[in-house]
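Everything below belongs to structure.cif, which stores mmCIF, N, CA and C atoms.
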data_my_file
#
loop_
_atom_site.label_atom_id
_atom_site.label_comp_id
_atom_site.auth_asym_id
_atom_site.auth_seq_id
_atom_site.Cartn_x
_atom_site.Cartn_y
_atom_site.Cartn_z
N MET B 7 10.03 16.19 1.09
CA MET B 7 8.75 15.53 1.23
C MET B 7 7.64 16.45 0.76
N SER B 8 6.58 15.84 0.28
CA SER B 8 5.40 16.61 -0.09
C SER B 8 4.18 15.91 0.49
N ILE B 9 3.13 16.65 0.68
CA ILE B 9 1.89 16.08 1.20
C ILE B 9 0.96 15.91 0.01
N ASP B 10 0.44 14.69 -0.19
CA ASP B 10 -0.45 14.46 -1.32
C ASP B 10 -1.88 14.84 -0.96
N GLU B 11 -2.82 14.65 -1.89
CA GLU B 11 -4.20 15.06 -1.68
C GLU B 11 -4.87 14.33 -0.53
N ALA B 12 -4.40 13.13 -0.19
CA ALA B 12 -5.01 12.38 0.90
C ALA B 12 -4.43 12.79 2.25
N GLY B 13 -3.46 13.71 2.23
CA GLY B 13 -2.89 14.18 3.49
C GLY B 13 -1.77 13.31 4.01
N THR B 14 -1.29 12.38 3.21
CA THR B 14 -0.17 11.56 3.64
C THR B 14 1.10 12.06 2.98
N GLU B 15 2.20 11.76 3.61
CA GLU B 15 3.46 12.22 3.07
C GLU B 15 3.90 11.32 1.93
N ALA B 16 4.50 11.92 0.92
CA ALA B 16 5.03 11.16 -0.21
C ALA B 16 6.41 11.68 -0.54
N ALA B 17 7.28 10.79 -0.93
CA ALA B 17 8.62 11.21 -1.33
C ALA B 17 8.51 12.04 -2.60
N THR B 18 9.20 13.15 -2.65
CA THR B 18 9.09 14.05 -3.78
C THR B 18 9.53 13.38 -5.08
N HIS B 19 10.62 12.64 -5.05
CA HIS B 19 11.12 12.01 -6.26
C HIS B 19 11.08 10.48 -6.17
N GLY B 20 10.57 9.94 -5.09
CA GLY B 20 10.40 8.51 -4.99
C GLY B 20 11.65 7.72 -4.68
N ARG B 21 12.80 8.37 -4.55
CA ARG B 21 14.04 7.65 -4.26
C ARG B 21 14.83 8.41 -3.21
N ALA B 22 15.46 7.69 -2.32
CA ALA B 22 16.36 8.32 -1.36
C ALA B 22 17.63 8.70 -2.10
N VAL B 23 18.23 9.81 -1.72
CA VAL B 23 19.47 10.25 -2.33
C VAL B 23 20.56 10.13 -1.29
N ASP B 24 21.63 9.38 -1.63
CA ASP B 24 22.72 9.20 -0.66
C ASP B 24 23.66 10.39 -0.69
N ALA B 25 24.73 10.35 0.11
CA ALA B 25 25.66 11.46 0.24
C ALA B 25 26.33 11.82 -1.08
N ASP B 26 26.46 10.87 -2.00
CA ASP B 26 27.08 11.13 -3.30
C ASP B 26 26.07 11.61 -4.34
N GLY B 27 24.82 11.79 -3.95
CA GLY B 27 23.81 12.24 -4.89
C GLY B 27 23.21 11.14 -5.73
N GLU B 28 23.51 9.89 -5.42
CA GLU B 28 22.97 8.76 -6.19
C GLU B 28 21.59 8.39 -5.65
N ARG B 29 20.70 8.11 -6.58
CA ARG B 29 19.36 7.66 -6.17
C ARG B 29 19.40 6.15 -6.00
N GLY B 30 18.89 5.69 -4.88
CA GLY B 30 18.93 4.26 -4.59
C GLY B 30 17.56 3.72 -4.28
N MET B 31 17.44 3.09 -3.15
CA MET B 31 16.17 2.50 -2.73
C MET B 31 15.13 3.60 -2.59
N PRO B 32 13.86 3.22 -2.61
CA PRO B 32 12.82 4.23 -2.49
C PRO B 32 12.92 4.95 -1.17
N ALA B 33 12.62 6.23 -1.20
CA ALA B 33 12.58 7.00 0.03
C ALA B 33 11.36 6.54 0.81
N VAL B 34 11.53 6.28 2.06
CA VAL B 34 10.41 5.87 2.90
C VAL B 34 10.23 6.93 3.96
N PRO B 35 9.38 7.91 3.68
CA PRO B 35 9.18 9.01 4.60
C PRO B 35 8.36 8.60 5.81
N THR B 36 8.38 9.43 6.81
CA THR B 36 7.54 9.21 7.97
C THR B 36 6.10 9.39 7.55
N GLY B 37 5.25 8.48 7.97
CA GLY B 37 3.85 8.53 7.55
C GLY B 37 2.97 9.22 8.56
N VAL B 38 1.72 9.29 8.24
CA VAL B 38 0.72 9.88 9.10
C VAL B 38 0.23 8.81 10.06
N ARG B 39 0.21 9.12 11.34
CA ARG B 39 -0.28 8.17 12.35
C ARG B 39 -1.76 8.42 12.62
N VAL B 40 -2.49 7.34 12.80
CA VAL B 40 -3.92 7.42 13.09
C VAL B 40 -4.23 6.52 14.27
N PRO B 41 -5.46 6.56 14.79
CA PRO B 41 -5.81 5.70 15.92
C PRO B 41 -5.46 4.24 15.65
N GLY B 42 -5.03 3.55 16.69
CA GLY B 42 -4.69 2.14 16.55
C GLY B 42 -3.26 1.95 16.07
N GLY B 43 -2.50 3.03 15.98
CA GLY B 43 -1.11 2.93 15.56
C GLY B 43 -0.94 2.74 14.08
N ALA B 44 -1.99 2.92 13.28
CA ALA B 44 -1.88 2.73 11.85
C ALA B 44 -1.15 3.91 11.22
N ALA B 45 -0.45 3.64 10.13
CA ALA B 45 0.27 4.70 9.41
C ALA B 45 0.22 4.40 7.92
N VAL B 46 0.26 5.46 7.12
CA VAL B 46 0.26 5.33 5.67
C VAL B 46 1.43 6.12 5.11
N VAL B 47 2.24 5.47 4.30
CA VAL B 47 3.38 6.09 3.64
C VAL B 47 3.27 5.73 2.17
N GLN B 48 3.69 6.65 1.27
CA GLN B 48 3.58 6.39 -0.17
C GLN B 48 4.85 6.80 -0.88
N TYR B 49 5.16 6.09 -1.98
CA TYR B 49 6.30 6.44 -2.83
C TYR B 49 6.18 5.72 -4.17
N GLU B 50 6.95 6.16 -5.15
CA GLU B 50 6.99 5.54 -6.48
C GLU B 50 8.13 4.53 -6.51
N TRP B 51 7.89 3.37 -7.15
CA TRP B 51 8.92 2.33 -7.25
C TRP B 51 8.70 1.53 -8.53
N HIS B 52 9.64 1.56 -9.44
CA HIS B 52 9.60 0.82 -10.71
C HIS B 52 8.29 1.04 -11.47
N GLY B 53 7.84 2.26 -11.53
CA GLY B 53 6.64 2.58 -12.29
C GLY B 53 5.33 2.29 -11.58
N ALA B 54 5.39 1.81 -10.36
CA ALA B 54 4.18 1.55 -9.58
C ALA B 54 4.13 2.53 -8.41
N TRP B 55 2.95 2.87 -7.97
CA TRP B 55 2.78 3.70 -6.79
C TRP B 55 2.60 2.76 -5.60
N VAL B 56 3.46 2.87 -4.62
CA VAL B 56 3.43 1.98 -3.46
C VAL B 56 2.80 2.71 -2.28
N VAL B 57 1.82 2.07 -1.69
CA VAL B 57 1.17 2.57 -0.48
C VAL B 57 1.54 1.59 0.63
N VAL B 58 2.28 2.08 1.61
CA VAL B 58 2.73 1.24 2.72
C VAL B 58 1.72 1.39 3.85
N ALA B 59 1.13 0.27 4.25
CA ALA B 59 0.14 0.28 5.33
C ALA B 59 0.77 -0.37 6.56
N ASN B 60 0.84 0.37 7.65
CA ASN B 60 1.40 -0.14 8.89
C ASN B 60 0.39 0.00 10.02
N GLY B 61 0.27 -1.03 10.83
CA GLY B 61 -0.61 -0.96 11.99
C GLY B 61 -1.84 -1.82 11.83
N SER B 62 -2.88 -1.45 12.56
CA SER B 62 -4.14 -2.19 12.59
C SER B 62 -5.20 -1.44 11.80
N TYR B 63 -5.96 -2.19 11.01
CA TYR B 63 -7.00 -1.56 10.19
C TYR B 63 -8.35 -2.21 10.44
N ASP B 64 -9.27 -1.37 10.90
CA ASP B 64 -10.66 -1.74 11.09
C ASP B 64 -11.49 -0.51 10.76
N MET B 65 -12.78 -0.53 11.06
CA MET B 65 -13.64 0.58 10.65
C MET B 65 -13.28 1.89 11.33
N HIS B 66 -12.55 1.85 12.43
CA HIS B 66 -12.16 3.06 13.14
C HIS B 66 -10.86 3.67 12.64
N SER B 67 -10.04 2.89 11.95
CA SER B 67 -8.72 3.38 11.55
C SER B 67 -8.47 3.32 10.05
N ILE B 68 -9.45 2.92 9.26
CA ILE B 68 -9.24 2.70 7.83
C ILE B 68 -9.23 3.99 7.00
N THR B 69 -9.80 5.06 7.49
CA THR B 69 -10.01 6.27 6.68
C THR B 69 -8.74 6.81 6.00
N PRO B 70 -7.62 7.01 6.71
CA PRO B 70 -6.44 7.53 6.01
C PRO B 70 -5.94 6.60 4.90
N LEU B 71 -5.97 5.29 5.13
CA LEU B 71 -5.56 4.34 4.10
C LEU B 71 -6.55 4.36 2.94
N ALA B 72 -7.83 4.41 3.24
CA ALA B 72 -8.85 4.44 2.18
C ALA B 72 -8.70 5.69 1.32
N GLU B 73 -8.45 6.83 1.94
CA GLU B 73 -8.27 8.07 1.19
C GLU B 73 -7.01 7.99 0.33
N ALA B 74 -5.93 7.46 0.88
CA ALA B 74 -4.68 7.32 0.12
C ALA B 74 -4.88 6.37 -1.06
N MET B 75 -5.59 5.29 -0.86
CA MET B 75 -5.84 4.31 -1.93
C MET B 75 -6.72 4.92 -3.01
N GLU B 76 -7.71 5.70 -2.64
CA GLU B 76 -8.60 6.33 -3.62
C GLU B 76 -7.81 7.29 -4.51
N VAL B 77 -6.97 8.11 -3.91
CA VAL B 77 -6.16 9.05 -4.69
C VAL B 77 -5.16 8.29 -5.56
N ALA B 78 -4.52 7.27 -5.00
CA ALA B 78 -3.54 6.48 -5.75
C ALA B 78 -4.20 5.81 -6.96
N ALA B 79 -5.37 5.22 -6.76
CA ALA B 79 -6.06 4.54 -7.86
C ALA B 79 -6.48 5.52 -8.95
N ALA B 80 -6.82 6.74 -8.58
CA ALA B 80 -7.23 7.74 -9.56
C ALA B 80 -6.05 8.28 -10.36
N LYS B 81 -4.87 8.27 -9.78
CA LYS B 81 -3.70 8.88 -10.42
C LYS B 81 -2.74 7.88 -11.06
N HIS B 82 -2.77 6.61 -10.65
CA HIS B 82 -1.75 5.66 -11.08
C HIS B 82 -2.38 4.38 -11.63
N GLU B 83 -1.79 3.87 -12.71
CA GLU B 83 -2.31 2.66 -13.34
C GLU B 83 -2.00 1.42 -12.52
N LYS B 84 -0.88 1.42 -11.81
CA LYS B 84 -0.48 0.27 -11.00
C LYS B 84 -0.21 0.73 -9.58
N VAL B 85 -0.93 0.13 -8.62
CA VAL B 85 -0.78 0.47 -7.22
C VAL B 85 -0.43 -0.80 -6.45
N VAL B 86 0.61 -0.68 -5.62
CA VAL B 86 1.05 -1.78 -4.78
C VAL B 86 0.78 -1.41 -3.33
N VAL B 87 0.13 -2.30 -2.59
CA VAL B 87 -0.05 -2.11 -1.16
C VAL B 87 1.01 -2.97 -0.48
N ASP B 88 1.95 -2.31 0.20
CA ASP B 88 2.94 -3.03 0.99
C ASP B 88 2.26 -3.38 2.31
N ALA B 89 1.88 -4.65 2.44
CA ALA B 89 1.09 -5.10 3.59
C ALA B 89 1.96 -5.76 4.66
N SER B 90 3.27 -5.62 4.56
CA SER B 90 4.17 -6.30 5.49
C SER B 90 4.10 -5.75 6.91
N GLY B 91 3.54 -4.56 7.09
CA GLY B 91 3.46 -3.97 8.42
C GLY B 91 2.07 -3.97 9.01
N ILE B 92 1.15 -4.71 8.41
CA ILE B 92 -0.22 -4.74 8.93
C ILE B 92 -0.29 -5.71 10.11
N ALA B 93 -0.60 -5.15 11.27
CA ALA B 93 -0.67 -5.95 12.49
C ALA B 93 -2.02 -6.65 12.64
N PHE B 94 -3.07 -6.01 12.16
CA PHE B 94 -4.42 -6.56 12.25
C PHE B 94 -5.24 -6.03 11.09
N ALA B 95 -6.07 -6.89 10.53
CA ALA B 95 -6.98 -6.50 9.46
C ALA B 95 -8.28 -7.26 9.61
N ASP B 96 -9.38 -6.59 9.28
CA ASP B 96 -10.67 -7.26 9.28
C ASP B 96 -11.35 -7.04 7.93
N SER B 97 -12.63 -7.28 7.87
CA SER B 97 -13.36 -7.17 6.60
C SER B 97 -13.33 -5.75 6.04
N THR B 98 -13.09 -4.77 6.87
CA THR B 98 -13.01 -3.39 6.39
C THR B 98 -11.84 -3.25 5.41
N LEU B 99 -10.70 -3.82 5.75
CA LEU B 99 -9.54 -3.77 4.85
C LEU B 99 -9.80 -4.62 3.61
N LEU B 100 -10.40 -5.79 3.77
CA LEU B 100 -10.73 -6.62 2.61
C LEU B 100 -11.61 -5.86 1.63
N ASN B 101 -12.61 -5.18 2.15
CA ASN B 101 -13.51 -4.39 1.31
C ASN B 101 -12.73 -3.30 0.56
N LEU B 102 -11.83 -2.63 1.25
CA LEU B 102 -11.02 -1.59 0.62
C LEU B 102 -10.15 -2.18 -0.49
N LEU B 103 -9.53 -3.33 -0.25
CA LEU B 103 -8.69 -3.96 -1.26
C LEU B 103 -9.49 -4.35 -2.50
N ILE B 104 -10.67 -4.89 -2.29
CA ILE B 104 -11.52 -5.29 -3.43
C ILE B 104 -11.96 -4.07 -4.23
N HIS B 105 -12.39 -3.01 -3.56
CA HIS B 105 -12.80 -1.80 -4.27
C HIS B 105 -11.62 -1.16 -5.01
N SER B 106 -10.45 -1.18 -4.40
CA SER B 106 -9.26 -0.63 -5.06
C SER B 106 -8.88 -1.47 -6.28
N HIS B 107 -9.05 -2.78 -6.16
CA HIS B 107 -8.77 -3.69 -7.27
C HIS B 107 -9.65 -3.36 -8.48
N LEU B 108 -10.88 -2.96 -8.22
CA LEU B 108 -11.80 -2.61 -9.31
C LEU B 108 -11.44 -1.29 -9.97
N ALA B 109 -10.70 -0.43 -9.24
CA ALA B 109 -10.37 0.91 -9.73
C ALA B 109 -9.01 1.02 -10.40
N THR B 110 -8.10 0.06 -10.13
CA THR B 110 -6.74 0.13 -10.66
C THR B 110 -6.13 -1.27 -10.71
N ASP B 111 -4.95 -1.37 -11.27
CA ASP B 111 -4.20 -2.62 -11.26
C ASP B 111 -3.54 -2.73 -9.89
N LEU B 112 -4.23 -3.34 -8.95
CA LEU B 112 -3.79 -3.43 -7.56
C LEU B 112 -3.00 -4.70 -7.31
N ARG B 113 -1.91 -4.57 -6.58
CA ARG B 113 -1.13 -5.71 -6.14
C ARG B 113 -0.94 -5.59 -4.63
N VAL B 114 -1.03 -6.70 -3.92
CA VAL B 114 -0.80 -6.74 -2.48
C VAL B 114 0.54 -7.43 -2.27
N ALA B 115 1.48 -6.72 -1.64
CA ALA B 115 2.82 -7.25 -1.45
C ALA B 115 3.08 -7.62 0.00
N ALA B 116 3.69 -8.76 0.19
CA ALA B 116 4.19 -9.23 1.49
C ALA B 116 3.15 -9.18 2.61
N PRO B 117 1.97 -9.77 2.38
CA PRO B 117 0.98 -9.74 3.46
C PRO B 117 1.46 -10.51 4.68
N THR B 118 1.12 -10.01 5.84
CA THR B 118 1.46 -10.70 7.09
C THR B 118 0.68 -12.01 7.15
N ALA B 119 1.07 -12.87 8.05
CA ALA B 119 0.40 -14.18 8.18
C ALA B 119 -1.09 -14.01 8.46
N GLN B 120 -1.45 -13.07 9.31
CA GLN B 120 -2.86 -12.86 9.65
C GLN B 120 -3.64 -12.38 8.43
N LEU B 121 -3.08 -11.45 7.67
CA LEU B 121 -3.77 -10.96 6.48
C LEU B 121 -3.83 -12.05 5.41
N GLN B 122 -2.75 -12.78 5.23
CA GLN B 122 -2.75 -13.87 4.25
C GLN B 122 -3.83 -14.89 4.58
N ARG B 123 -3.99 -15.19 5.86
CA ARG B 123 -5.01 -16.15 6.30
C ARG B 123 -6.41 -15.65 5.96
N ILE B 124 -6.68 -14.37 6.20
CA ILE B 124 -7.98 -13.79 5.87
C ILE B 124 -8.22 -13.82 4.36
N LEU B 125 -7.19 -13.48 3.59
CA LEU B 125 -7.31 -13.51 2.13
C LEU B 125 -7.66 -14.92 1.65
N GLU B 126 -7.01 -15.92 2.22
CA GLU B 126 -7.26 -17.31 1.82
C GLU B 126 -8.63 -17.80 2.27
N LEU B 127 -9.01 -17.52 3.51
CA LEU B 127 -10.30 -17.98 4.04
C LEU B 127 -11.48 -17.41 3.26
N THR B 128 -11.34 -16.18 2.80
CA THR B 128 -12.44 -15.52 2.08
C THR B 128 -12.37 -15.73 0.57
N GLY B 129 -11.26 -16.28 0.08
CA GLY B 129 -11.09 -16.47 -1.35
C GLY B 129 -10.64 -15.22 -2.09
N VAL B 130 -10.39 -14.15 -1.36
CA VAL B 130 -9.96 -12.90 -1.97
C VAL B 130 -8.57 -13.04 -2.59
N ASP B 131 -7.78 -13.99 -2.10
CA ASP B 131 -6.45 -14.22 -2.68
C ASP B 131 -6.53 -14.71 -4.13
N THR B 132 -7.68 -15.23 -4.53
CA THR B 132 -7.84 -15.68 -5.92
C THR B 132 -8.24 -14.52 -6.84
N ILE B 133 -8.66 -13.41 -6.26
CA ILE B 133 -9.07 -12.23 -7.02
C ILE B 133 -7.92 -11.23 -7.14
N LEU B 134 -7.23 -11.02 -6.03
CA LEU B 134 -6.15 -10.03 -5.99
C LEU B 134 -4.83 -10.63 -6.46
N LYS B 135 -3.96 -9.78 -6.92
CA LYS B 135 -2.59 -10.18 -7.27
C LYS B 135 -1.76 -10.04 -5.99
N VAL B 136 -1.48 -11.17 -5.36
CA VAL B 136 -0.71 -11.18 -4.11
C VAL B 136 0.70 -11.64 -4.43
N ARG B 137 1.69 -10.84 -4.02
CA ARG B 137 3.09 -11.13 -4.30
C ARG B 137 3.89 -11.16 -3.01
N GLU B 138 5.05 -11.82 -3.05
CA GLU B 138 5.87 -11.96 -1.85
C GLU B 138 6.59 -10.69 -1.45
N THR B 139 6.97 -9.85 -2.43
CA THR B 139 7.72 -8.63 -2.13
C THR B 139 7.16 -7.46 -2.92
N VAL B 140 7.51 -6.26 -2.47
CA VAL B 140 7.14 -5.06 -3.19
C VAL B 140 7.79 -5.07 -4.58
N GLU B 141 9.02 -5.51 -4.64
CA GLU B 141 9.74 -5.60 -5.93
C GLU B 141 8.95 -6.48 -6.91
N ASP B 142 8.57 -7.69 -6.47
CA ASP B 142 7.80 -8.60 -7.33
C ASP B 142 6.48 -7.96 -7.77
N ALA B 143 5.83 -7.28 -6.86
CA ALA B 143 4.54 -6.66 -7.18
C ALA B 143 4.70 -5.51 -8.16
N ALA B 144 5.74 -4.72 -7.98
CA ALA B 144 5.93 -3.53 -8.81
C ALA B 144 6.32 -3.88 -10.24
N VAL B 145 7.18 -4.88 -10.41
CA VAL B 145 7.66 -5.19 -11.75
C VAL B 145 6.85 -6.29 -12.44
N GLY B 146 6.12 -7.06 -11.67
CA GLY B 146 5.38 -8.20 -12.21
C GLY B 146 4.05 -7.89 -12.79
#

Encoded form (structure tokens):
Amino acid sequence: MSIDEAGTEAATHGRAVDADGERGMPAVPTGVRVPGGAAVVQYEWHGAWVVVANGSYDMHSITPLAEAMEVAAAKHEKVVVDASGIAFADSTLLNLLIHSHLATDLRVAAPTAQLQRILELTGVDTILKVRETVEDAAVG
């Protein structure tokens, strides 16, 4: 594991290595925990940089994710936010997604029902590339 500029852990080579030395699914390292149980984990997958967001995101807990997204957008042409573990999101997260979209080719993968509802109610789903899975977001 290595620590990136945003202070979150990232897989060194982006893939887990099994007992036979074969690279398989992406390595999913333990992330940094912040208030509200939020966590940020990052790895490379099919040429995209994946930022996994877990927990609740509001103005009190968004900073680690915002920092990770800023670094990812500056370093990578395609960034995928794995939103499958987001328990709660408010306008703070929407604002971060929109700003990240302006800085890079952003895709939102597997949003939870609550996040999907917010994206639809605000019309942000028509601006962002929302996909069902990380795989679809990374290769699409």

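Using the PyMOL selection byres ((chain B and resi 99-111) around 5) on this structure selects Glu83, Lys84, Val85, Asp96, Ser97, Thr98, Leu112 and Arg113 of chain B.
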
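Picture a line from atom CA of B:Val57 to atom CA of B:Leu127; it runs 24.0 Å.
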
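Taking atom CA of B:Gly53 and atom CA of B:Asp142 as the two end points, the separation is 12.3 Å.
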
**Request:** Kindly resolve the PyMOL selection byres ((chain B and resi 60-64) around 8) on the present coordinates and return the residues as a list in words.
**Result:** Pro41, Gly42, Gly43, Ala44, Ala45, Val46, Val47, Val57, Val58, Ala59, Met65, His66, Ser67, Ile68, Thr69, Asp88, Ala89, Ser90, Gly91, Ile92, Ala93, Phe94, Ala95, Asp96, Ser97, Thr98, Leu99 and Leu100 of chain B

Take the PyMOL selection byres (((chain B and resi 54 and name CA) around 7) and name CA), apply it to the structure above, and return the hits as number ranges by chain. B: 50-53, 55-56, 84-86, 144

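Computed from the coordinates, the atom CA of B:Val145 to atom CA of B:Thr128 distance equals 26.5 Å.
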